[in-house]
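*Asks:* One structure coming up, written as structure tokens, with questions to follow.
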Amino acid sequence: MNDDRRAIFSRRECVQAMGGGLGVAALAGLMAEQASSATGSPATSSSLRPPHFPARAKRVIQLFMNGGPFQCDFFDPKPALNQFAGQRPAEVDLRTERQTGGLMAVPFGFRNCGQSGLPISELLPNLQRHADELCVIRSLHCDNPNHGPALYQMNNGTINPTRPSMGSWFTYGLGRENDDLPGYVVLCPGRPVRFAELWTSAFLPGEHQGLYINSKEIDPGKMVPNVRHVLAPDAQRRQLDLLSQINRQHADDRGGDARFEAQIRAMETAYRMQFAASDAFDINRESAVTRAQYGTSSYANGCLLARRLVERGVRFVQVYYGNGQPWDTHGNHNEQVRRLARDIDQPTAALLADLKQRGLLEDTLVVWGGEFGRTSTSEGGDGRDHNHWGFTMWLAGGGARGGYAHGATDDFGFRAVQDKVHVHDLHATVLHLMGLDHERLTYRHAGRDYRLTDVYGRVVREVVG
């Protein structure tokens, strides 16, 4: 048993001797579970750090459509798909993960919406009302058509699963606005299957790890493990002070350790979260009118929770649509998309309206999309395969240029051909809106400087309002 393990064990024995349970220690362990792999000098998350230049956005909400929505169903109308359905022109003769056939028609109509005339599908009637807030990027592309590598690249900037996530880079670069809540929260319904590496802090200090919350629940006591303690607050404070004293002595005796410091800070944050989380994560405190505006699905709960969290200073909130890859429509695509669109339309539109009404949209950047798109050719006659050659995402608020469509795919919506935007460019642009220079936000690890965009990326200035 190493020294760190002995210290943790001694804390447990100490708490048991005091007659109380660990309370939120399990929560602290969850928040600092990556701390054992962190190296380098610790960063102080409780103090704000200035951006590199004036920021347009202070916080980000990412609405993640895991599995990959088809771009031409929603924001990239392609009439040629229906005109040449069943054929396989040279433009779509591209390698994908599975074998596909001819072009597959899109049965959904589009309407030019808002003053900008931005085309949006009939599948999203509520979101159509927010056309002038949306900055649609139609020319995204990434490096791999497989879910795993593409998910890593969209979240971590590389297909390598051992790199820090985007949210961890944000909190590392800017710190936390609220000492009582984590700077990075991940809302995903149910048990996260194979997803935890998407919100890892990796080699960044462990306090920048994303905190997973089960958005399927609406009781804060079930969302956040061990958020309620068996001891009274004053007794618990004395308990934590004693544990902190033991930990500090342990660290001092060994010359300090960034990993151990991260665990100590996680315990302090977990203690404060017991009181802040009872408010922040309780959507039942919202009015019946607000609840009705969002709806009652897990995704709706996630959207409403995201607003409550950014309102309280959480830097980065991810809302995963479902668990697994619900947008992975390899069969019965059109019927699945109708259902999925109904499920996201109302909550997404309500989130934008709520943020705007509260004056938060101006400095909150909302990002919508998946890890890639889907093919305009059919798989098995009624499905669509993965497509990393060209897909669509949109930004709203936080300095993004509203009512604007950037870039283009080919006539059939398969490959990005005009003003192409790589995932590295997307990350560089989001960091820019947050006031961070993606080339300057670095961390020294294993003999080299790492950054979210690796050695690539450019700011897409056309999408900045």
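Labels for the structure tokens follow display order: chains A, B, ..., residues from 1 in each chain, ligands from 1.
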Tell me which protein, DNA and RNA residues are within 9 Å of Arg307 of chain A, counting only C-alpha atoms, leaving out same-chain ones fewer than 6 positions away, and put them as a list in words.
*Replies:*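 With the cut-off at 9 Å, the set is Ile61, Val317, Leu351, Asp354, Leu355 and Leu360 of chain A.
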*Asks:* Using only C-alpha atoms, which residues sit within 6 Å of Thr377 of chain A once same-chain residues fewer than 6 positions away are excluded, as an MDAnalysis selection string?
*Replies:* chainID A and resid 100:104
*Asks:* Among the residues of segment 394-425 of chain A, find those DSSP assigns to strand (DSSP E) from the backbone and print them as a short mmCIF file (atom, residue, chain, number, x, y, z; two decimals) with N, CA and C atoms, in the first residue's frame.
*Replies:*
data_model
loop_
_atom_site.label_atom_id
_atom_site.label_comp_id
_atom_site.auth_asym_id
_atom_site.auth_seq_id
_atom_site.Cartn_x
_atom_site.Cartn_y
_atom_site.Cartn_z
N TRP A 394 -24.47 23.76 -34.79
CA TRP A 394 -24.77 25.18 -34.68
C TRP A 394 -24.35 25.73 -33.32
N LEU A 395 -24.09 27.04 -33.33
CA LEU A 395 -23.78 27.80 -32.13
C LEU A 395 -24.87 28.84 -31.94
N ALA A 396 -25.08 29.25 -30.70
CA ALA A 396 -26.03 30.33 -30.41
C ALA A 396 -25.54 31.09 -29.20
N TYR A 404 -27.06 32.99 -39.42
CA TYR A 404 -25.99 32.86 -40.42
C TYR A 404 -25.67 31.39 -40.66
N ALA A 405 -25.46 31.01 -41.91
CA ALA A 405 -25.01 29.67 -42.27
C ALA A 405 -23.62 29.77 -42.89
N HIS A 406 -22.68 29.02 -42.33
CA HIS A 406 -21.29 29.08 -42.78
C HIS A 406 -20.90 27.80 -43.48
N ALA A 408 -20.37 25.01 -46.81
CA ALA A 408 -21.31 24.22 -47.60
C ALA A 408 -20.76 22.83 -47.85
N THR A 409 -21.69 21.90 -47.99
CA THR A 409 -21.35 20.56 -48.46
C THR A 409 -21.67 20.49 -49.96
N ALA A 416 -17.90 18.13 -47.03
CA ALA A 416 -17.69 19.57 -46.92
C ALA A 416 -16.80 20.03 -48.07
N VAL A 417 -17.23 21.07 -48.79
CA VAL A 417 -16.48 21.50 -49.96
C VAL A 417 -16.15 22.99 -49.94
N GLN A 418 -16.85 23.77 -49.12
CA GLN A 418 -16.64 25.22 -49.11
C GLN A 418 -16.47 25.70 -47.67
N VAL A 421 -14.51 23.42 -42.06
CA VAL A 421 -14.21 23.64 -40.64
C VAL A 421 -13.90 22.30 -40.00
N HIS A 422 -12.66 22.11 -39.61
CA HIS A 422 -12.29 20.88 -38.89
C HIS A 422 -12.68 21.03 -37.42
#
*Asks:* If you count only C-alpha atoms, which residues fall within 9 Å of Thr348 of chain A, apart from same-chain ones fewer than 3 positions away, as a CSV table (one decimal) with N, CA and C atoms, in the first residue's frame?
*Replies:*
chain,number,residue,atom,x,y,z
A,63,LEU,N,-25.0,20.8,-26.1
A,63,LEU,CA,-26.1,19.9,-26.3
A,63,LEU,C,-25.6,18.8,-27.3
A,126,ASN,N,-40.4,24.5,-33.1
A,126,ASN,CA,-40.1,25.4,-32.0
A,126,ASN,C,-38.8,26.1,-32.2
A,127,LEU,N,-37.8,25.4,-32.7
A,127,LEU,CA,-36.5,26.0,-32.9
A,127,LEU,C,-36.5,26.9,-34.1
A,294,TYR,N,-40.2,23.5,-20.8
A,294,TYR,CA,-39.1,22.6,-21.2
A,294,TYR,C,-39.6,21.2,-21.5
A,299,TYR,N,-33.9,14.6,-21.4
A,299,TYR,CA,-33.2,15.7,-22.1
A,299,TYR,C,-33.7,17.0,-21.7
A,300,ALA,N,-35.1,17.1,-21.5
A,300,ALA,CA,-35.6,18.4,-21.0
A,300,ALA,C,-35.1,18.7,-19.7
A,303,CYS,N,-31.6,20.1,-20.0
A,303,CYS,CA,-31.6,21.5,-20.5
A,303,CYS,C,-31.9,22.5,-19.4
A,344,ILE,N,-36.2,16.6,-28.9
A,344,ILE,CA,-35.2,17.7,-28.7
A,344,ILE,C,-35.8,19.1,-29.0
A,345,ASP,N,-36.8,19.2,-29.8
A,345,ASP,CA,-37.2,20.5,-30.3
A,345,ASP,C,-37.7,21.4,-29.2
A,351,LEU,N,-34.7,26.3,-23.8
A,351,LEU,CA,-33.4,26.7,-23.2
A,351,LEU,C,-33.0,28.0,-23.8
A,352,LEU,N,-33.0,28.2,-25.1
A,352,LEU,CA,-32.6,29.4,-25.8
A,352,LEU,C,-33.5,30.6,-25.3
A,353,ALA,N,-34.8,30.4,-25.3
A,353,ALA,CA,-35.7,31.4,-24.9
A,353,ALA,C,-35.5,31.8,-23.4
*Asks:* Which residues come within 12 Å of Leu48 of chain A, counting only C-alpha atoms, excluding same-chain residues fewer than 2 positions away, as an NGL selection string?
*Replies:* :A and (43-46 or 50-51 or 58 or 170-179 or 183 or 313 or 315)
*Asks:* Would you mind writing down, as a CSV table (one decimal) with N, CA and C atoms, in the first residue's frame, each residue of segment 50-279 of chain A that DSSP on the backbone assigns to helix (DSSP H, G or I)?
*Replies:*
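Contents of selection08.csv, as written:
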chain,number,residue,atom,x,y,z
A,71,GLN,N,-27.3,15.7,-41.2
A,71,GLN,CA,-27.3,17.2,-41.5
A,71,GLN,C,-28.4,17.6,-42.4
A,72,CYS,N,-28.8,16.8,-43.4
A,72,CYS,CA,-29.8,17.3,-44.4
A,72,CYS,C,-31.2,17.1,-43.9
A,73,ASP,N,-31.4,16.5,-42.7
A,73,ASP,CA,-32.7,16.4,-42.1
A,73,ASP,C,-33.1,17.7,-41.4
A,74,PHE,N,-32.1,18.5,-41.1
A,74,PHE,CA,-32.4,19.6,-40.1
A,74,PHE,C,-31.9,21.0,-40.6
A,79,PRO,N,-32.1,19.6,-52.2
A,79,PRO,CA,-33.2,19.1,-53.1
A,79,PRO,C,-32.7,18.0,-54.0
A,80,ALA,N,-31.4,18.0,-54.3
A,80,ALA,CA,-30.9,17.0,-55.3
A,80,ALA,C,-31.0,15.6,-54.7
A,81,LEU,N,-31.0,15.5,-53.4
A,81,LEU,CA,-31.2,14.2,-52.8
A,81,LEU,C,-32.5,13.5,-53.3
A,82,ASN,N,-33.5,14.3,-53.3
A,82,ASN,CA,-34.8,13.7,-53.7
A,82,ASN,C,-34.9,13.5,-55.2
A,83,GLN,N,-34.3,14.5,-55.9
A,83,GLN,CA,-34.3,14.4,-57.4
A,83,GLN,C,-33.5,13.2,-57.9
A,90,ALA,N,-20.8,10.2,-58.6
A,90,ALA,CA,-19.4,10.1,-58.2
A,90,ALA,C,-19.2,10.9,-56.9
A,91,GLU,N,-19.9,12.0,-56.7
A,91,GLU,CA,-19.7,12.8,-55.5
A,91,GLU,C,-19.9,12.0,-54.2
A,92,VAL,N,-20.7,11.0,-54.2
A,92,VAL,CA,-21.0,10.2,-52.9
A,92,VAL,C,-20.3,8.9,-52.9
A,127,LEU,N,-37.8,25.4,-32.7
A,127,LEU,CA,-36.5,26.0,-32.9
A,127,LEU,C,-36.5,26.9,-34.1
A,128,GLN,N,-37.4,26.8,-35.0
A,128,GLN,CA,-37.5,27.7,-36.1
A,128,GLN,C,-37.7,29.2,-35.6
A,129,ARG,N,-38.3,29.3,-34.5
A,129,ARG,CA,-38.6,30.7,-34.0
A,129,ARG,C,-37.3,31.3,-33.5
A,130,HIS,N,-36.2,30.6,-33.4
A,130,HIS,CA,-34.9,31.1,-32.9
A,130,HIS,C,-33.9,31.2,-34.0
A,131,ALA,N,-34.3,31.2,-35.3
A,131,ALA,CA,-33.4,31.2,-36.4
A,131,ALA,C,-32.4,32.3,-36.3
A,132,ASP,N,-32.8,33.4,-35.9
A,132,ASP,CA,-31.9,34.6,-35.9
A,132,ASP,C,-30.9,34.5,-34.8
A,133,GLU,N,-31.0,33.6,-33.9
A,133,GLU,CA,-29.9,33.3,-32.9
A,133,GLU,C,-28.9,32.3,-33.3
A,147,HIS,N,-17.5,5.7,-33.9
A,147,HIS,CA,-18.0,6.4,-32.8
A,147,HIS,C,-16.9,6.8,-31.8
A,148,GLY,N,-16.2,5.8,-31.4
A,148,GLY,CA,-15.2,6.0,-30.3
A,148,GLY,C,-14.2,7.1,-30.6
A,149,PRO,N,-13.4,6.9,-31.7
A,149,PRO,CA,-12.5,8.0,-32.0
A,149,PRO,C,-13.1,9.3,-32.3
A,150,ALA,N,-14.3,9.4,-33.0
A,150,ALA,CA,-14.9,10.6,-33.3
A,150,ALA,C,-15.4,11.3,-32.0
A,151,LEU,N,-15.9,10.5,-31.0
A,151,LEU,CA,-16.4,11.1,-29.8
A,151,LEU,C,-15.2,11.7,-29.0
A,152,TYR,N,-14.0,11.0,-29.0
A,152,TYR,CA,-12.9,11.5,-28.4
A,152,TYR,C,-12.4,12.8,-29.0
A,153,GLN,N,-12.4,12.8,-30.3
A,153,GLN,CA,-11.9,14.0,-31.0
A,153,GLN,C,-12.8,15.2,-30.8
A,154,MET,N,-14.1,15.0,-30.8
A,154,MET,CA,-15.1,16.1,-30.6
A,154,MET,C,-15.0,16.6,-29.1
A,155,ASN,N,-14.7,15.7,-28.2
A,155,ASN,CA,-14.7,16.1,-26.8
A,155,ASN,C,-13.3,16.4,-26.3
A,156,ASN,N,-12.3,15.7,-26.8
A,156,ASN,CA,-10.9,15.8,-26.2
A,156,ASN,C,-9.9,16.4,-27.2
A,166,MET,N,-12.6,19.1,-23.4
A,166,MET,CA,-12.8,20.5,-23.7
A,166,MET,C,-13.2,21.3,-22.4
A,167,GLY,N,-14.1,20.7,-21.6
A,167,GLY,CA,-14.5,21.4,-20.4
A,167,GLY,C,-13.4,21.5,-19.4
A,168,SER,N,-12.5,20.5,-19.3
A,168,SER,CA,-11.4,20.6,-18.4
A,168,SER,C,-10.4,21.7,-18.8
A,169,TRP,N,-10.2,21.9,-20.1
A,169,TRP,CA,-9.4,23.0,-20.6
A,169,TRP,C,-10.0,24.3,-20.2
A,170,PHE,N,-11.3,24.4,-20.3
A,170,PHE,CA,-12.0,25.7,-20.0
A,170,PHE,C,-11.7,26.1,-18.5
A,171,THR,N,-12.0,25.1,-17.6
A,171,THR,CA,-11.8,25.4,-16.2
A,171,THR,C,-10.3,25.6,-15.8
A,172,TYR,N,-9.4,24.9,-16.5
A,172,TYR,CA,-8.0,25.1,-16.3
A,172,TYR,C,-7.6,26.5,-16.7
A,173,GLY,N,-8.1,27.0,-17.8
A,173,GLY,CA,-7.8,28.3,-18.4
A,173,GLY,C,-8.4,29.4,-17.6
A,174,LEU,N,-9.6,29.3,-17.1
A,174,LEU,CA,-10.4,30.4,-16.6
A,174,LEU,C,-10.7,30.3,-15.1
A,196,ALA,N,-17.1,7.9,-19.7
A,196,ALA,CA,-16.4,8.7,-18.7
A,196,ALA,C,-15.1,9.3,-19.2
A,197,GLU,N,-14.4,8.7,-20.2
A,197,GLU,CA,-13.2,9.3,-20.7
A,197,GLU,C,-13.5,10.6,-21.5
A,198,LEU,N,-14.7,10.8,-21.8
A,198,LEU,CA,-15.1,12.0,-22.6
A,198,LEU,C,-15.1,13.3,-21.7
A,199,TRP,N,-15.1,13.1,-20.4
A,199,TRP,CA,-15.1,14.3,-19.5
A,199,TRP,C,-13.9,14.2,-18.5
A,206,GLY,N,-6.4,17.2,-11.2
A,206,GLY,CA,-7.6,16.4,-11.1
A,206,GLY,C,-8.9,17.2,-10.8
A,207,GLU,N,-8.8,18.4,-10.2
A,207,GLU,CA,-9.9,19.2,-9.9
A,207,GLU,C,-10.7,19.7,-11.2
A,208,HIS,N,-10.1,19.5,-12.3
A,208,HIS,CA,-10.8,19.9,-13.6
A,208,HIS,C,-11.5,18.8,-14.2
A,220,PRO,N,-32.3,15.7,-6.2
A,220,PRO,CA,-30.9,16.0,-6.0
A,220,PRO,C,-30.1,14.9,-5.2
A,221,GLY,N,-30.8,14.3,-4.3
A,221,GLY,CA,-30.2,13.3,-3.5
A,221,GLY,C,-29.8,12.0,-4.3
A,222,LYS,N,-30.5,11.8,-5.4
A,222,LYS,CA,-30.2,10.7,-6.3
A,222,LYS,C,-29.3,11.1,-7.4
A,223,MET,N,-29.4,12.4,-7.8
A,223,MET,CA,-28.5,12.8,-8.9
A,223,MET,C,-27.0,12.9,-8.4
A,233,PRO,N,-24.3,20.3,10.2
A,233,PRO,CA,-23.3,21.1,9.5
A,233,PRO,C,-22.1,21.5,10.3
A,234,ASP,N,-22.3,21.9,11.6
A,234,ASP,CA,-21.2,22.3,12.4
A,234,ASP,C,-20.3,21.1,12.8
A,235,ALA,N,-20.9,19.9,13.0
A,235,ALA,CA,-20.1,18.8,13.3
A,235,ALA,C,-19.3,18.3,12.1
A,236,GLN,N,-20.0,18.4,10.9
A,236,GLN,CA,-19.3,18.0,9.7
A,236,GLN,C,-18.2,18.9,9.4
A,237,ARG,N,-18.4,20.2,9.7
A,237,ARG,CA,-17.3,21.2,9.4
A,237,ARG,C,-16.1,20.8,10.3
A,238,ARG,N,-16.3,20.5,11.5
A,238,ARG,CA,-15.2,20.1,12.4
A,238,ARG,C,-14.5,18.8,11.9
A,239,GLN,N,-15.3,17.9,11.4
A,239,GLN,CA,-14.8,16.7,10.8
A,239,GLN,C,-13.9,17.0,9.6
A,240,LEU,N,-14.4,17.8,8.7
A,240,LEU,CA,-13.6,18.1,7.5
A,240,LEU,C,-12.3,18.9,7.9
A,241,ASP,N,-12.4,19.8,8.9
A,241,ASP,CA,-11.2,20.5,9.3
A,241,ASP,C,-10.1,19.5,9.8
A,242,LEU,N,-10.6,18.5,10.6
A,242,LEU,CA,-9.6,17.6,11.1
A,242,LEU,C,-9.0,16.8,10.0
A,243,LEU,N,-9.9,16.3,9.0
A,243,LEU,CA,-9.4,15.6,7.9
A,243,LEU,C,-8.4,16.4,7.1
A,244,SER,N,-8.7,17.7,6.9
A,244,SER,CA,-7.8,18.6,6.2
A,244,SER,C,-6.5,18.7,6.9
A,245,GLN,N,-6.5,18.9,8.2
A,245,GLN,CA,-5.3,19.0,9.0
A,245,GLN,C,-4.4,17.7,8.8
A,246,ILE,N,-5.0,16.6,8.9
A,246,ILE,CA,-4.3,15.3,8.7
A,246,ILE,C,-3.7,15.3,7.3
A,247,ASN,N,-4.5,15.6,6.3
A,247,ASN,CA,-4.0,15.6,4.9
A,247,ASN,C,-2.9,16.6,4.7
A,248,ARG,N,-3.0,17.8,5.2
A,248,ARG,CA,-1.9,18.8,5.1
A,248,ARG,C,-0.6,18.3,5.7
A,249,GLN,N,-0.7,17.7,6.9
A,249,GLN,CA,0.4,17.2,7.5
A,249,GLN,C,1.1,16.1,6.7
A,250,HIS,N,0.2,15.2,6.1
A,250,HIS,CA,0.7,14.1,5.3
A,250,HIS,C,1.4,14.7,4.1
A,251,ALA,N,0.8,15.7,3.4
A,251,ALA,CA,1.5,16.3,2.3
A,251,ALA,C,2.8,17.0,2.6
A,252,ASP,N,2.8,17.8,3.7
A,252,ASP,CA,4.0,18.5,4.1
A,252,ASP,C,5.1,17.5,4.4
A,253,ASP,N,4.8,16.4,5.0
A,253,ASP,CA,5.8,15.4,5.4
A,253,ASP,C,6.5,14.8,4.1
A,258,ALA,N,0.9,17.2,-6.2
A,258,ALA,CA,-0.2,17.8,-6.9
A,258,ALA,C,-1.5,16.9,-6.9
A,259,ARG,N,-1.3,15.6,-6.9
A,259,ARG,CA,-2.4,14.7,-6.9
A,259,ARG,C,-3.1,14.8,-5.6
A,260,PHE,N,-2.4,14.8,-4.5
A,260,PHE,CA,-3.0,14.8,-3.2
A,260,PHE,C,-3.6,16.1,-2.9
A,261,GLU,N,-3.0,17.2,-3.4
A,261,GLU,CA,-3.6,18.5,-3.3
A,261,GLU,C,-5.0,18.6,-4.0
A,262,ALA,N,-5.1,18.0,-5.1
A,262,ALA,CA,-6.3,17.9,-5.9
A,262,ALA,C,-7.4,17.2,-5.1
A,263,GLN,N,-7.0,16.1,-4.4
A,263,GLN,CA,-8.0,15.4,-3.6
A,263,GLN,C,-8.5,16.2,-2.4
A,264,ILE,N,-7.6,17.0,-1.8
A,264,ILE,CA,-8.0,17.8,-0.7
A,264,ILE,C,-9.0,18.9,-1.2
A,265,ARG,N,-8.7,19.5,-2.3
A,265,ARG,CA,-9.6,20.5,-2.8
A,265,ARG,C,-10.9,19.9,-3.2
A,266,ALA,N,-10.9,18.7,-3.7
A,266,ALA,CA,-12.2,18.0,-4.1
A,266,ALA,C,-13.0,17.8,-2.9
A,267,MET,N,-12.4,17.4,-1.7
A,267,MET,CA,-13.2,17.3,-0.5
A,267,MET,C,-13.8,18.6,0.0
A,268,GLU,N,-13.1,19.7,-0.2
A,268,GLU,CA,-13.7,21.0,0.2
A,268,GLU,C,-14.8,21.3,-0.7
A,269,THR,N,-14.7,21.1,-2.0
A,269,THR,CA,-15.7,21.4,-2.9
A,269,THR,C,-17.0,20.6,-2.7
A,270,ALA,N,-16.7,19.3,-2.4
A,270,ALA,CA,-17.8,18.3,-2.1
A,270,ALA,C,-18.6,18.8,-0.8
A,271,TYR,N,-17.8,19.3,0.2
A,271,TYR,CA,-18.5,19.8,1.4
A,271,TYR,C,-19.4,20.9,1.1
A,272,ARG,N,-18.9,21.9,0.3
A,272,ARG,CA,-19.7,23.1,0.0
A,272,ARG,C,-20.9,22.7,-1.0
A,273,MET,N,-20.7,21.7,-1.8
A,273,MET,CA,-21.7,21.3,-2.7
A,273,MET,C,-22.9,20.7,-2.0
A,274,GLN,N,-22.8,20.2,-0.8
A,274,GLN,CA,-24.0,19.6,-0.1
A,274,GLN,C,-25.0,20.7,0.0
A,275,PHE,N,-24.6,21.9,0.2
A,275,PHE,CA,-25.6,23.0,0.4
A,275,PHE,C,-26.0,23.7,-0.9
A,276,ALA,N,-25.0,23.9,-1.8
A,276,ALA,CA,-25.3,24.5,-3.1
A,276,ALA,C,-26.1,23.6,-4.0
A,277,ALA,N,-25.8,22.3,-3.9
A,277,ALA,CA,-26.4,21.3,-4.8
A,277,ALA,C,-27.9,21.2,-4.5
A,278,SER,N,-28.3,21.2,-3.3
A,278,SER,CA,-29.7,21.1,-2.9
A,278,SER,C,-30.5,22.1,-3.6
A,279,ASP,N,-29.9,23.3,-3.9
A,279,ASP,CA,-30.6,24.3,-4.6
A,279,ASP,C,-30.4,24.2,-6.1
